[in-house]
$ cat input_10.cif   # mmCIF, C-alpha atoms
data_coords
loop_
_atom_site.label_atom_id
_atom_site.label_comp_id
_atom_site.auth_asym_id
_atom_site.auth_seq_id
_atom_site.Cartn_x
_atom_site.Cartn_y
_atom_site.Cartn_z
CA MET F 1 -28.83 -31.98 -16.91
CA ARG F 2 -26.06 -32.17 -19.46
CA ASN F 3 -28.04 -30.57 -22.24
CA MET F 4 -28.90 -27.41 -20.42
CA GLN F 5 -27.82 -24.19 -22.07
CA HIS F 6 -24.50 -22.63 -21.23
CA LEU F 7 -24.42 -20.85 -17.91
CA SER F 8 -25.08 -17.14 -18.08
CA THR F 9 -22.30 -14.63 -17.55
CA ASP F 10 -23.84 -13.50 -14.29
CA ARG F 11 -24.07 -17.07 -13.08
CA LEU F 12 -20.49 -17.87 -14.07
CA ALA F 13 -19.38 -14.72 -12.29
CA ALA F 14 -21.27 -15.85 -9.20
CA LEU F 15 -19.54 -19.22 -9.36
CA GLY F 16 -16.27 -17.44 -8.82
CA ASP F 17 -16.85 -18.08 -5.14
CA GLU F 18 -20.13 -19.97 -4.96
CA GLN F 19 -20.88 -23.65 -5.33
CA PRO F 20 -22.86 -24.74 -8.39
CA THR F 21 -26.27 -26.28 -8.06
CA PRO F 22 -26.50 -29.99 -8.94
CA ASP F 23 -27.78 -29.10 -12.40
CA GLU F 24 -25.00 -26.61 -12.93
CA ALA F 25 -22.44 -29.09 -11.68
CA ALA F 26 -23.69 -31.66 -14.14
CA HIS F 27 -23.44 -29.16 -16.95
CA LEU F 28 -19.96 -28.06 -15.92
CA ALA F 29 -18.85 -31.67 -15.91
CA SER F 30 -19.61 -31.93 -19.58
CA CYS F 31 -18.96 -28.40 -20.88
CA ASP F 32 -15.38 -27.33 -21.34
CA ALA F 33 -16.30 -23.75 -22.22
CA CYS F 34 -18.29 -23.13 -19.07
CA THR F 35 -15.73 -24.93 -16.96
CA ARG F 36 -12.98 -22.76 -18.41
CA GLU F 37 -14.97 -19.62 -17.77
CA ARG F 38 -15.75 -20.65 -14.24
CA GLY F 39 -12.05 -21.23 -13.71
CA ALA F 40 -11.34 -17.74 -15.01
CA TYR F 41 -13.75 -16.21 -12.51
CA ARG F 42 -12.28 -18.24 -9.71
CA SER F 43 -8.87 -16.92 -10.73
CA LEU F 44 -10.22 -13.38 -10.72
CA VAL F 45 -11.65 -13.80 -7.23
CA ALA F 46 -8.39 -15.31 -6.02
CA MET F 47 -6.42 -12.41 -7.48
CA ALA F 48 -8.75 -9.94 -5.81
CA HIS F 49 -8.46 -11.72 -2.49
CA ALA F 50 -4.68 -11.66 -2.74
CA GLU F 51 -4.83 -7.87 -3.04
CA GLN F 52 -5.99 -7.68 0.55
CA GLY F 53 -2.50 -8.26 1.86
CA ALA F 54 -0.92 -5.67 -0.38
CA ILE F 55 1.32 -3.07 1.12
CA GLY F 56 2.44 0.26 -0.19
CA LEU F 57 3.90 3.55 0.77
CA PRO F 58 1.91 5.25 3.50
CA LEU F 59 -0.24 8.09 2.24
CA THR F 60 0.33 9.93 5.45
CA ARG F 61 3.41 11.47 7.00
CA TRP F 62 3.84 11.19 10.69
CA ASP F 63 4.71 14.81 11.37
CA GLU F 64 1.62 16.00 9.52
CA LEU F 65 -0.60 13.37 11.03
CA ALA F 66 0.58 14.06 14.56
CA GLY F 67 0.15 17.78 14.05
CA ALA F 68 -3.37 17.34 12.76
CA TYR F 69 -4.21 15.00 15.60
CA ARG F 70 -2.89 17.42 18.18
CA ALA F 71 -4.88 20.22 16.59
CA GLU F 72 -8.07 18.18 16.62
CA VAL F 73 -7.64 16.41 19.91
CA PRO F 74 -5.84 18.65 22.37
CA ALA F 75 -5.95 16.04 25.08
CA PRO F 76 -3.78 16.66 28.11
CA GLY F 77 -2.78 13.04 28.44
CA ARG F 78 -0.29 12.83 25.63
CA SER F 79 2.98 12.03 27.17
CA SER F 80 5.76 12.69 24.71
CA PRO F 81 5.08 15.59 22.40
CA SER F 82 8.76 15.86 21.62
CA VAL F 83 8.40 12.87 19.35
CA VAL F 84 6.48 15.01 16.94
CA ALA F 85 8.18 17.59 14.81
CA PRO F 86 7.47 20.92 16.48
CA ASP F 87 7.27 22.95 13.32
CA VAL F 88 4.02 21.59 11.96
CA VAL F 89 1.92 24.67 11.35
CA ASP F 90 0.06 24.54 8.12
CA ILE F 91 -0.75 20.92 7.59
CA ALA F 92 -3.08 21.35 4.69
CA VAL F 93 -0.62 23.33 2.62
CA ARG F 94 2.19 20.92 3.28
CA ARG F 95 0.03 17.92 2.63
CA ARG F 96 -0.88 19.27 -0.77
CA ALA F 97 2.73 19.37 -1.79
CA SER F 98 3.92 16.67 -4.13
CA ARG F 99 3.54 13.56 -2.04
CA TRP F 100 5.38 10.84 -3.83
CA PRO F 101 8.69 12.66 -4.24
CA MET F 102 8.45 13.82 -0.67
CA GLN F 103 7.86 10.34 0.59
CA ALA F 104 10.71 8.97 -1.46
CA ALA F 105 12.94 11.76 -0.28
CA ALA F 106 11.89 11.17 3.29
CA GLY F 107 12.81 7.55 2.88
CA LEU F 108 16.19 8.46 1.45
CA LEU F 109 16.78 10.91 4.23
CA LEU F 110 15.91 8.30 6.78
CA LEU F 111 18.19 5.86 5.06
CA ALA F 112 21.00 8.38 5.06
CA GLY F 113 20.41 9.10 8.70
CA GLY F 114 20.27 5.42 9.39
CA ALA F 115 23.48 4.81 7.52
CA MET F 116 25.23 7.50 9.48
CA LEU F 117 23.91 6.19 12.76
CA GLY F 118 24.95 2.73 11.72
CA ARG F 119 28.46 3.91 11.00
CA ALA F 120 28.64 5.57 14.35
CA SER F 121 27.31 2.60 16.23
CA ALA F 122 29.74 0.33 14.43
CA GLY F 123 32.61 2.41 15.63
CA SER F 124 33.46 3.68 12.19
CA THR F 125 34.00 7.21 11.06
CA LEU F 126 31.51 9.89 10.39
CA LEU F 127 32.34 12.29 7.66
CA PRO F 128 33.42 15.71 8.80
CA ALA F 129 31.29 18.71 7.97
CA GLY F 130 32.16 20.37 4.72
CA ASN F 131 34.13 17.51 3.24
CA VAL F 132 31.99 16.79 0.23
CA ALA F 133 34.63 14.78 -1.53
CA ALA F 134 34.77 12.35 1.32
CA VAL F 135 31.06 11.72 1.06
CA ALA F 136 31.45 10.78 -2.55
CA SER F 137 34.40 8.51 -1.90
CA ASN F 138 34.22 4.74 -1.91
CA THR F 139 35.40 4.30 1.64
CA PRO F 140 33.70 1.12 2.79
CA ILE F 141 31.46 1.30 5.78
CA GLY F 142 33.35 0.33 8.87
CA MET F 143 36.77 1.10 7.42
CA PRO F 144 38.76 3.66 9.38
CA THR F 145 39.90 6.81 7.70
CA ASP F 146 42.31 9.43 8.80
CA GLN F 147 39.49 11.48 10.25
CA THR F 148 38.12 9.81 13.32
CA VAL F 149 34.85 10.36 15.08
CA SER F 150 35.33 12.94 17.73
CA ASP F 151 33.19 15.28 19.74
CA SER F 152 35.60 18.02 18.72
CA LEU F 153 34.23 17.94 15.19
CA PHE F 154 31.09 19.60 16.44
CA THR F 155 30.69 22.31 19.00
CA SER F 156 27.01 21.73 19.63
CA VAL F 157 24.10 19.49 18.88
CA ALA F 158 22.90 22.11 16.42
CA ASP F 159 26.20 21.90 14.56
CA ALA F 160 26.00 18.13 14.40
CA ARG F 161 22.43 18.23 13.18
CA ALA F 162 23.28 20.79 10.56
CA ALA F 163 26.12 18.63 9.31
CA GLN F 164 23.88 15.61 9.29
CA GLN F 165 21.26 17.44 7.26
CA ARG F 166 23.86 18.62 4.76
CA TYR F 167 25.06 15.11 4.12
CA GLU F 168 21.58 13.69 4.04
CA LEU F 169 20.77 16.18 1.30
CA LEU F 170 23.95 15.33 -0.54
CA TYR F 171 23.15 11.65 -0.25
CA GLN F 172 19.68 12.28 -1.59
CA GLN F 173 21.02 14.21 -4.55
CA ALA F 174 23.61 11.55 -5.28
CA ALA F 175 21.00 8.82 -5.16
CA ALA F 176 18.73 10.76 -7.49
CA PHE F 177 21.61 11.37 -9.90
CA LEU F 178 22.63 7.72 -9.89
CA ALA F 179 19.06 6.61 -10.46
CA GLN F 180 18.91 8.81 -13.52
CA HIS F 181 22.37 8.33 -14.99
CA ASP F 182 23.99 5.17 -13.72
CA SER F 183 23.07 2.27 -15.97
CA THR F 184 25.75 -0.07 -14.66
CA GLY F 185 24.13 -1.25 -11.47
CA LEU F 186 20.55 -2.21 -12.02
CA GLY F 187 20.52 -3.00 -15.70
CA GLN F 188 18.13 -0.35 -16.88
CA GLY F 189 15.41 -1.67 -19.07
CA ASN F 190 16.20 -5.25 -18.13
CA PRO F 191 13.13 -6.93 -16.64
CA VAL F 192 15.24 -9.73 -15.19
CA ALA F 193 17.30 -7.26 -13.19
CA TYR F 194 14.18 -5.50 -11.97
CA ARG F 195 12.60 -8.78 -10.91
CA SER F 196 15.74 -9.76 -9.05
CA ARG F 197 15.75 -6.42 -7.29
CA LEU F 198 12.10 -6.77 -6.37
CA ALA F 199 12.74 -10.18 -4.88
CA ALA F 200 15.67 -8.82 -2.91
CA LEU F 201 13.66 -5.84 -1.71
CA ASP F 202 10.90 -8.16 -0.57
CA ARG F 203 13.40 -10.04 1.54
CA VAL F 204 14.58 -6.76 3.05
CA ILE F 205 10.99 -5.73 3.77
CA SER F 206 10.31 -9.04 5.45
CA THR F 207 13.43 -8.76 7.56
CA THR F 208 12.91 -5.15 8.58
CA ARG F 209 9.27 -5.85 9.39
CA ASP F 210 10.42 -8.59 11.74
CA ALA F 211 12.97 -6.23 13.22
CA MET F 212 10.29 -3.60 13.79
CA ARG F 213 8.38 -6.02 15.94
CA ASP F 214 11.35 -6.12 18.29
CA ALA F 215 12.18 -2.43 18.05
CA PRO F 216 9.10 -0.59 16.81
CA HIS F 217 10.46 2.84 17.71
CA ASP F 218 13.91 2.46 16.23
CA PRO F 219 14.36 5.25 13.68
CA VAL F 220 17.02 3.41 11.73
CA ILE F 221 14.92 0.30 11.25
CA ASN F 222 11.87 2.40 10.45
CA GLY F 223 13.97 4.30 7.94
CA TYR F 224 15.15 1.17 6.20
CA TYR F 225 11.60 -0.17 6.11
CA LEU F 226 10.11 2.96 4.55
CA THR F 227 13.00 3.36 2.14
CA THR F 228 12.71 -0.22 0.99
CA LEU F 229 8.99 0.22 0.43
CA SER F 230 9.59 3.28 -1.70
CA GLN F 231 12.33 1.55 -3.66
CA ARG F 232 10.07 -1.42 -4.23
CA GLU F 233 7.37 0.80 -5.65
CA ALA F 234 9.87 2.62 -7.85
CA THR F 235 11.31 -0.65 -9.12
CA LEU F 236 7.84 -1.98 -9.83
CA ARG F 237 7.22 1.07 -11.97
CA GLN F 238 10.51 0.59 -13.77
CA LEU F 239 9.67 -3.04 -14.41
CA ASN F 240 6.31 -2.03 -15.75
CA THR F 241 7.83 0.33 -18.26
CA ALA F 242 10.37 -2.28 -19.29
CA LEU F 243 7.81 -4.95 -20.05
CA PRO F 244 5.76 -5.13 -23.24
CA ALA F 245 2.35 -3.54 -22.82
CA SER F 246 0.62 -6.90 -22.81
CA LEU F 247 2.73 -8.16 -19.94
CA ARG F 248 2.67 -5.22 -17.60
CA LEU F 249 2.15 -6.34 -14.03
CA ASP F 250 2.26 -3.59 -11.50
CA SER F 251 -0.17 -5.23 -9.13
CA TYR F 252 0.89 -6.12 -5.67
CA MET U 253 9.22 -7.71 21.54
CA GLU U 254 6.49 -5.45 22.80
CA ASN U 255 3.00 -6.83 22.74
CA GLU U 256 0.84 -4.74 20.46
CA GLN U 257 -1.80 -4.57 23.15
CA LEU U 258 0.71 -2.74 25.32
CA THR U 259 1.46 -0.35 22.51
CA VAL U 260 -2.24 0.29 22.14
CA GLN U 261 -2.57 0.88 25.86
CA ARG U 262 0.24 3.40 25.78
CA ALA U 263 -1.35 5.09 22.78
CA ILE U 264 -4.66 5.32 24.63
CA GLN U 265 -2.83 7.09 27.43
CA GLY U 266 -1.64 9.67 24.94
CA ASP U 267 1.86 8.39 24.28
CA GLU U 268 2.60 9.70 20.81
CA SER U 269 5.55 7.39 20.36
CA ALA U 270 3.14 4.49 20.75
CA MET U 271 0.76 6.06 18.25
CA ARG U 272 3.64 6.45 15.88
CA ALA U 273 4.57 2.81 16.36
CA LEU U 274 1.03 1.77 15.44
CA TRP U 275 1.09 4.04 12.42
CA THR U 276 4.47 2.79 11.28
CA ARG U 277 3.40 -0.80 11.57
CA HIS U 278 -0.03 -0.54 9.98
CA ALA U 279 0.02 2.41 7.57
CA PRO U 280 1.56 0.39 4.73
CA HIS U 281 -1.52 -1.85 4.86
CA LEU U 282 -4.29 0.53 5.87
CA ASP U 283 -3.33 3.33 3.53
CA VAL U 284 -3.47 0.88 0.64
CA VAL U 285 -7.09 0.19 1.56
CA VAL U 286 -7.85 3.89 1.40
CA ARG U 287 -5.98 4.36 -1.86
CA ARG U 288 -7.78 1.41 -3.41
CA LEU U 289 -11.26 2.62 -2.44
CA VAL U 290 -10.62 6.22 -3.45
CA GLY U 291 -9.14 5.35 -6.82
CA ARG U 292 -7.18 7.77 -8.88
CA ASP U 293 -7.07 10.86 -6.75
CA PRO U 294 -3.93 10.71 -4.65
CA ASP U 295 -4.58 14.02 -2.91
CA LEU U 296 -8.04 12.97 -1.85
CA ALA U 297 -6.69 9.59 -0.77
CA ALA U 298 -4.04 11.26 1.33
CA ASP U 299 -6.57 13.57 2.96
CA ILE U 300 -8.85 10.65 3.75
CA ALA U 301 -5.96 8.56 5.03
CA GLN U 302 -5.17 11.30 7.50
CA GLU U 303 -8.81 11.41 8.57
CA VAL U 304 -8.73 7.65 8.99
CA TRP U 305 -5.71 7.72 11.26
CA ILE U 306 -7.07 10.52 13.39
CA GLN U 307 -10.28 8.55 13.73
CA ILE U 308 -8.31 5.46 14.70
CA PHE U 309 -6.46 7.37 17.40
CA ARG U 310 -9.64 8.96 18.68
CA ALA U 311 -11.38 5.60 18.80
CA LEU U 312 -8.54 3.77 20.50
CA PRO U 313 -10.25 3.78 23.92
CA SER U 314 -13.05 1.74 22.38
CA PHE U 315 -10.63 -0.93 21.17
CA ARG U 316 -11.27 -3.91 23.41
CA GLY U 317 -8.60 -6.19 22.12
CA ASP U 318 -10.95 -8.99 21.19
CA ALA U 319 -9.75 -8.63 17.62
CA GLN U 320 -6.36 -7.84 16.18
CA PHE U 321 -5.63 -4.14 16.13
CA GLY U 322 -5.03 -4.35 12.37
CA THR U 323 -8.43 -5.92 11.80
CA TRP U 324 -10.15 -3.33 13.96
CA ALA U 325 -8.32 -0.47 12.27
CA HIS U 326 -9.09 -1.93 8.85
CA ARG U 327 -12.80 -1.62 9.54
CA ILE U 328 -12.38 1.97 10.57
CA ALA U 329 -10.39 2.65 7.42
CA VAL U 330 -13.10 1.22 5.20
CA ASN U 331 -15.96 2.95 7.04
CA ARG U 332 -14.24 6.29 7.19
CA THR U 333 -13.22 6.14 3.54
CA LEU U 334 -16.73 5.29 2.42
CA ASN U 335 -18.12 8.12 4.51
CA ALA U 336 -15.64 10.52 3.01
CA LEU U 337 -16.43 9.36 -0.51
CA ARG U 338 -20.10 9.79 0.25
CA ARG U 339 -19.40 13.34 1.32
CA THR U 340 -17.69 14.02 -1.97
CA ARG U 341 -20.67 12.45 -3.72
CA ARG U 342 -18.50 9.84 -5.40
CA LEU U 343 -20.76 7.13 -4.11
CA ALA U 344 -24.00 8.82 -4.99
CA ALA U 345 -26.59 6.80 -6.85
CA VAL U 346 -24.71 3.58 -6.42
CA GLU U 347 -27.63 1.50 -7.55
CA VAL U 348 -28.13 3.47 -10.71
CA ASP U 349 -24.66 3.98 -12.01
CA VAL U 350 -23.89 0.30 -12.18
CA GLU U 351 -26.95 -0.40 -14.22
CA ASP U 352 -25.99 2.36 -16.59
CA ASP U 353 -22.46 1.11 -16.80
CA SER U 354 -23.04 -2.60 -16.94
CA ALA U 355 -22.56 -3.19 -20.63
CA SER U 356 -19.88 -5.69 -21.49
CA VAL U 357 -16.64 -4.48 -22.92
CA GLU U 358 -16.75 -4.76 -26.67
CA PRO U 359 -14.29 -7.35 -27.98
CA GLU U 360 -12.75 -4.85 -30.38
CA ALA U 361 -12.13 -2.39 -27.61
CA GLU U 362 -10.94 -4.99 -25.16
CA ARG U 363 -7.39 -5.21 -26.38
CA ALA U 364 -6.95 -1.47 -26.24
CA ILE U 365 -8.01 -1.15 -22.65
CA LEU U 366 -6.53 -4.22 -21.05
CA ALA U 367 -5.57 -3.34 -17.53
CA ALA U 368 -2.25 -3.97 -15.91
CA SER U 369 -3.66 -4.82 -12.53
CA ILE U 370 -6.85 -5.33 -10.59
CA GLU U 371 -6.53 -1.82 -9.22
CA GLU U 372 -6.24 -0.35 -12.69
CA ALA U 373 -9.06 -2.50 -14.03
CA ALA U 374 -11.32 -1.62 -11.12
CA ALA U 375 -10.71 2.03 -11.87
CA LYS U 376 -12.54 1.48 -15.14
CA LEU U 377 -15.70 0.44 -13.34
CA SER U 378 -18.35 2.84 -12.20
CA PRO U 379 -17.80 4.04 -8.61
CA GLY U 380 -20.61 1.89 -7.25
CA ALA U 381 -19.56 -1.30 -8.97
CA ARG U 382 -15.94 -0.71 -8.07
CA THR U 383 -16.83 -0.18 -4.43
CA VAL U 384 -18.95 -3.32 -4.24
CA PHE U 385 -16.24 -5.38 -5.93
CA LEU U 386 -13.48 -4.04 -3.70
CA LEU U 387 -15.49 -4.48 -0.53
CA HIS U 388 -16.56 -8.02 -1.34
CA ASP U 389 -13.76 -9.62 -3.28
CA VAL U 390 -10.80 -7.73 -1.86
CA GLU U 391 -11.79 -6.62 1.63
CA GLY U 392 -13.92 -9.64 2.41
CA TYR U 393 -17.19 -7.94 3.32
CA THR U 394 -20.44 -9.87 3.03
CA HIS U 395 -23.26 -8.66 0.82
CA GLU U 396 -25.27 -7.85 3.91
CA GLU U 397 -22.48 -5.68 5.27
CA ILE U 398 -22.04 -3.97 1.92
CA ALA U 399 -25.77 -3.37 1.69
CA ALA U 400 -25.74 -1.72 5.09
CA GLN U 401 -22.72 0.39 4.23
CA LEU U 402 -23.98 1.58 0.88
CA GLY U 403 -27.69 1.75 1.54
CA ILE U 404 -28.62 -0.86 -1.03
CA THR U 405 -30.07 -4.36 -0.81
CA ALA U 406 -27.98 -7.49 -0.51
CA GLY U 407 -29.43 -8.62 -3.82
CA GLY U 408 -28.39 -5.34 -5.41
CA SER U 409 -24.91 -5.84 -4.04
CA LYS U 410 -24.74 -9.31 -5.58
CA SER U 411 -25.99 -8.09 -8.91
CA GLN U 412 -23.43 -5.32 -9.02
CA LEU U 413 -20.66 -7.66 -7.98
CA PHE U 414 -21.36 -10.12 -10.76
CA LYS U 415 -21.47 -7.39 -13.37
CA ALA U 416 -18.25 -5.94 -12.05
CA ARG U 417 -16.60 -9.36 -12.19
CA ALA U 418 -17.78 -9.88 -15.74
CA LYS U 419 -16.21 -6.64 -16.84
CA LEU U 420 -13.01 -7.26 -14.93
CA ARG U 421 -12.76 -10.74 -16.37
CA LEU U 422 -12.44 -9.13 -19.81
CA LEU U 423 -10.16 -6.33 -18.72
CA LEU U 424 -7.81 -8.75 -17.01
CA ALA U 425 -8.08 -11.60 -19.47
CA HIS U 426 -4.38 -11.53 -20.19
CA LEU U 427 -3.65 -12.12 -16.51
CA ILE U 428 -6.51 -14.43 -15.69
CA ASP U 429 -5.87 -16.71 -18.62
CA ALA U 430 -2.27 -17.12 -17.48
CA PRO U 431 -3.08 -18.94 -14.28
CA SER U 432 0.45 -19.65 -13.28
CA ALA U 433 1.10 -15.94 -12.93
CA ALA U 434 -2.23 -14.98 -11.54
CA LEU U 435 -2.51 -17.65 -8.93
CA ARG U 436 1.07 -17.80 -7.86
CA ASN U 437 0.47 -16.11 -4.54
CA THR U 438 -3.11 -16.81 -3.75
CA ASN U 439 -2.26 -19.01 -0.82
CA ALA U 440 0.28 -16.68 0.64
CA GLU U 441 -0.49 -15.07 3.94
CA HIS U 442 0.48 -11.75 2.46
CA ALA U 443 0.17 -10.98 -1.19
CA ALA U 444 3.33 -10.61 -3.14
CA PRO U 445 3.73 -8.75 -6.38
CA LEU U 446 2.67 -10.43 -9.56
CA TYR U 447 6.01 -10.17 -11.25
#

$ encode --input "input_10.cif" --output "structure tokens"
Amino acid sequence: MRNMQHLSTDRLAALGDEQPTPDEAAHLASCDACTRERGAYRSLVAMAHAEQGAIGLPLTRWDELAGAYRAEVPAPGRSSPSVVAPDVVDIAVRRRASRWPMQAAAGLLLLAGGAMLGRASAGSTLLPAGNVAAVASNTPIGMPTDQTVSDSLFTSVADARAAQQRYELLYQQAAAFLAQHDSTGLGQGNPVAYRSRLAALDRVISTTRDAMRDAPHDPVINGYYLTTLSQREATLRQLNTALPASLRLDSY
Amino acid sequence: MENEQLTVQRAIQGDESAMRALWTRHAPHLDVVVRRLVGRDPDLAADIAQEVWIQIFRALPSFRGDAQFGTWAHRIAVNRTLNALRRTRRLAAVEVDVEDDSASVEPEAERAILAASIEEAAAKLSPGARTVFLLHDVEGYTHEEIAAQLGITAGGSKSQLFKARAKLRLLLAHLIDAPSAALRNTNAEHAAPLY
């Protein structure tokens, strides 16, 4: 039925994932406009379907989630409560705090912790407590310095943790400062640089996801994974602001 | 490499490290589902996501392992999110609001409100139409399943879907009409960013 009227909008929308009737197929075979529109709807459906595999930063934080779960389900069978941060008291209040910066910060903290653990496991030096200048130095990871790792640096686990937290905070502040002021690394405003970074981050995500299958509880790997996710989202936002309005693509 | 079924078994026994492993592995996917269905209310999305995970942990003993854990948890995420939205009345009068909101986008206005992504475009739909579209075209639910979830008919679900698609087709014309960008990753196992 080649002379039938153009397909209705509803019908074209339906053909995004349905098969045309014989009459409709005959019309589509001879009507470029309807064929083009059907193709557009098929593209839309395909785009929507592709969204299903999207990933993003978790909306939840484990310490809050575990605390809420323990409060709701005080089952005696849980075996390792020490995994959960013990200071979760007012979940609702904490959850209402600014989530995105907290998640990004958490990622950075995990990365910092991971980096420090990595240095230790590689036999390299850890920075001594109080030596801020050393943190900011360019000493390559794995290179020995004149201050070696030693138990004598810390008198207790609490001391070591306190030092770790200080440097994690310093790392976080340095990263935030560099993100705001350092235009030499990423090429601020340059979509090509952002795209390259996104591609690289995707490779890191893929690799760390594979690693998590082998070591799902490893805090360092988890830290890298979460940090990379947060960086990916941040880079996507930067790319979006760098592109002309008509080309903005922050979908993933 | 630990079998996920073993992790689930340990989680069922109350091992919080196993629960955390499940959360770490699946939250980046499941929380996106919640965020997508809730729309632009990050606090509400976060609250619901927490509800979802608690529900997942509570329901773990009922997980039989005849489906992937991720698939099973995905269903819980969708159901729990819809229930929560219903509680907040954001899904009230699903059948009505689409009809009221089904007018096409005016060509003059189209350029001003082009959306950057499906998520952003879907946010411009009425809650009912957005939910039907997301459930069917993104999450892969059938019209019968959607009808049961939302308390509408399968025909009503179809009608709303087609109207939603028609509106999205206009809002996303700049992406849809550039097929090389839009379709780049449609065959990928996991979606990649459209950049």

$ closest_residue --input "input_10.cif" --among "U:Asn331, U:Ser269, U:Gln257, U:Gln412" --to "Arg382 in chain U" --atoms "all atoms listed in the file"
U:Gln412

$ residues_around --input "input_10.cif" --residues "Ala375 in chain U" --least-positions-apart "3" --cutoff "8 Å" --atoms "only C-alpha atoms" --output "mmCIF file with C-alpha atoms, keeping the file's coordinate frame"
data_model
loop_
_atom_site.group_PDB
_atom_site.id
_atom_site.type_symbol
_atom_site.label_atom_id
_atom_site.label_comp_id
_atom_site.auth_asym_id
_atom_site.auth_seq_id
_atom_site.Cartn_x
_atom_site.Cartn_y
_atom_site.Cartn_z
ATOM 1 C CA GLY U 291 -9.140 5.350 -6.820
ATOM 2 C CA ARG U 292 -7.180 7.770 -8.880
ATOM 3 C CA GLU U 371 -6.530 -1.820 -9.220
ATOM 4 C CA GLU U 372 -6.240 -0.350 -12.690
ATOM 5 C CA SER U 378 -18.350 2.840 -12.200
ATOM 6 C CA ARG U 382 -15.940 -0.710 -8.070
#

$ closest_residue --input "input_10.cif" --among "F:Ala211, F:Ala50, F:Val204, F:Ala193" --to "chain U" --atoms "all atoms listed in the file"
F:Ala50

$ closest_residue --input "input_10.cif" --among "F:Glu37, F:Thr235, F:Leu65, F:Glu18" --to "chain U" --atoms "all atoms listed in the file"
F:Leu65

$ closest_residue --input "input_10.cif" --among "U:His395, U:Arg316, U:His388, U:Arg339" --to "chain F" --atoms "only C-alpha atoms"
U:His388

$ residues_near_point --input "input_10.cif" --point "(-15.4, 1.0, -13.6)" --cutoff "9 Å" --atoms "all atoms listed in the file" --output "MDAnalysis selection string"
chainID U and resid 350 353 373:382 416 419:420

$ write_last_selection --input "input_10.cif" --atoms "C-alpha atoms" --output "PDB file, keeping the file's coordinate frame"
ATOM      1  CA  VAL U 350     -23.890   0.300 -12.180  1.00  0.00           C
ATOM      2  CA  ASP U 353     -22.460   1.110 -16.800  1.00  0.00           C
ATOM      3  CA  ALA U 373      -9.060  -2.500 -14.030  1.00  0.00           C
ATOM      4  CA  ALA U 374     -11.320  -1.620 -11.120  1.00  0.00           C
ATOM      5  CA  ALA U 375     -10.710   2.030 -11.870  1.00  0.00           C
ATOM      6  CA  LYS U 376     -12.540   1.480 -15.140  1.00  0.00           C
ATOM      7  CA  LEU U 377     -15.700   0.440 -13.340  1.00  0.00           C
ATOM      8  CA  SER U 378     -18.350   2.840 -12.200  1.00  0.00           C
ATOM      9  CA  PRO U 379     -17.800   4.040  -8.610  1.00  0.00           C
ATOM     10  CA  GLY U 380     -20.610   1.890  -7.250  1.00  0.00           C
ATOM     11  CA  ALA U 381     -19.560  -1.300  -8.970  1.00  0.00           C
ATOM     12  CA  ARG U 382     -15.940  -0.710  -8.070  1.00  0.00           C
ATOM     13  CA  ALA U 416     -18.250  -5.940 -12.050  1.00  0.00           C
ATOM     14  CA  LYS U 419     -16.210  -6.640 -16.840  1.00  0.00           C
ATOM     15  CA  LEU U 420     -13.010  -7.260 -14.930  1.00  0.00           C
TER      16      LEU U 420
END

$ closest_residue --input "input_10.cif" --among "U:Asn335, U:Asn255, U:Gln320, U:Ser369" --to "chain F" --atoms "all atoms listed in the file"
U:Ser369

$ atom_distance --input "input_10.cif" --atom1 "CA of Leu15 in chain F" --atom2 "CA of Thr405 in chain U"
20.1 Å

$ residues_around --input "input_10.cif" --residues "Arg332 in chain U" --least-positions-apart "3" --cutoff "9 Å" --atoms "all atoms listed in the file" --output "list in words"
Val286, Ile300, Ala301, Glu303, Val304, Gln307, Arg327, Ile328, Ala329, Asn335, Ala336 and Leu337 of chain U

$ closest_residue --input "input_10.cif" --among "F:Gly39, F:Gln19, F:Cys31, F:Ala26" --to "chain U" --atoms "all atoms listed in the file"
F:Gly39

$ residues_near_point --input "input_10.cif" --point "(-24.0, -13.9, -10.2)" --cutoff "9 Å" --atoms "only C-alpha atoms" --output "list in words"
Ser8, Thr9, Asp10, Arg11, Leu12, Ala13, Ala14, Leu15, Gly16 and Glu18 of chain F; Lys410, Ser411, Gln412, Leu413, Phe414, Lys415 and Arg417 of chain U

$ atom_distance --input "input_10.cif" --atom1 "CA of Ala54 in chain F" --atom2 "CA of Ile404 in chain U"
28.1 Å

$ atom_distance --input "input_10.cif" --atom1 "CA of Ile205 in chain F" --atom2 "CA of Ile308 in chain U"
24.8 Å

$ axis_aligned_box --input "input_10.cif" --around "range 418-421 of chain U" --padding-each-side "8 Å" --output "JSON"
{"center_x": -15.3, "center_y": -8.7, "center_z": -15.9, "size_x": 21.0, "size_y": 20.1, "size_z": 17.9}

$ resolve_selection --input "input_10.cif" --expression "the PyMOL selection byres ((chain U and resi 274) around 12)" --output "PyMOL selection string"
(chain F and resi 62+212-213+216-217+222) or (chain U and resi 254-264+267-273+275-282+305+308-309+312+321-322+325)

$ residues_around --input "input_10.cif" --residues "Leu334 in chain U" --least-positions-apart "6" --cutoff "10 Å" --atoms "only C-alpha atoms" --output "list in words"
Val286, Leu289, Val290, Ile300, Ile328, Thr340, Arg342, Leu343, Thr383, Gln401 and Leu402 of chain U

$ residues_around --input "input_10.cif" --residues "His49 in chain F" --least-positions-apart "6" --cutoff "8 Å" --atoms "all atoms listed in the file" --output "JSON, numbers by chain"
{"U": [389, 390, 391, 392, 438]}
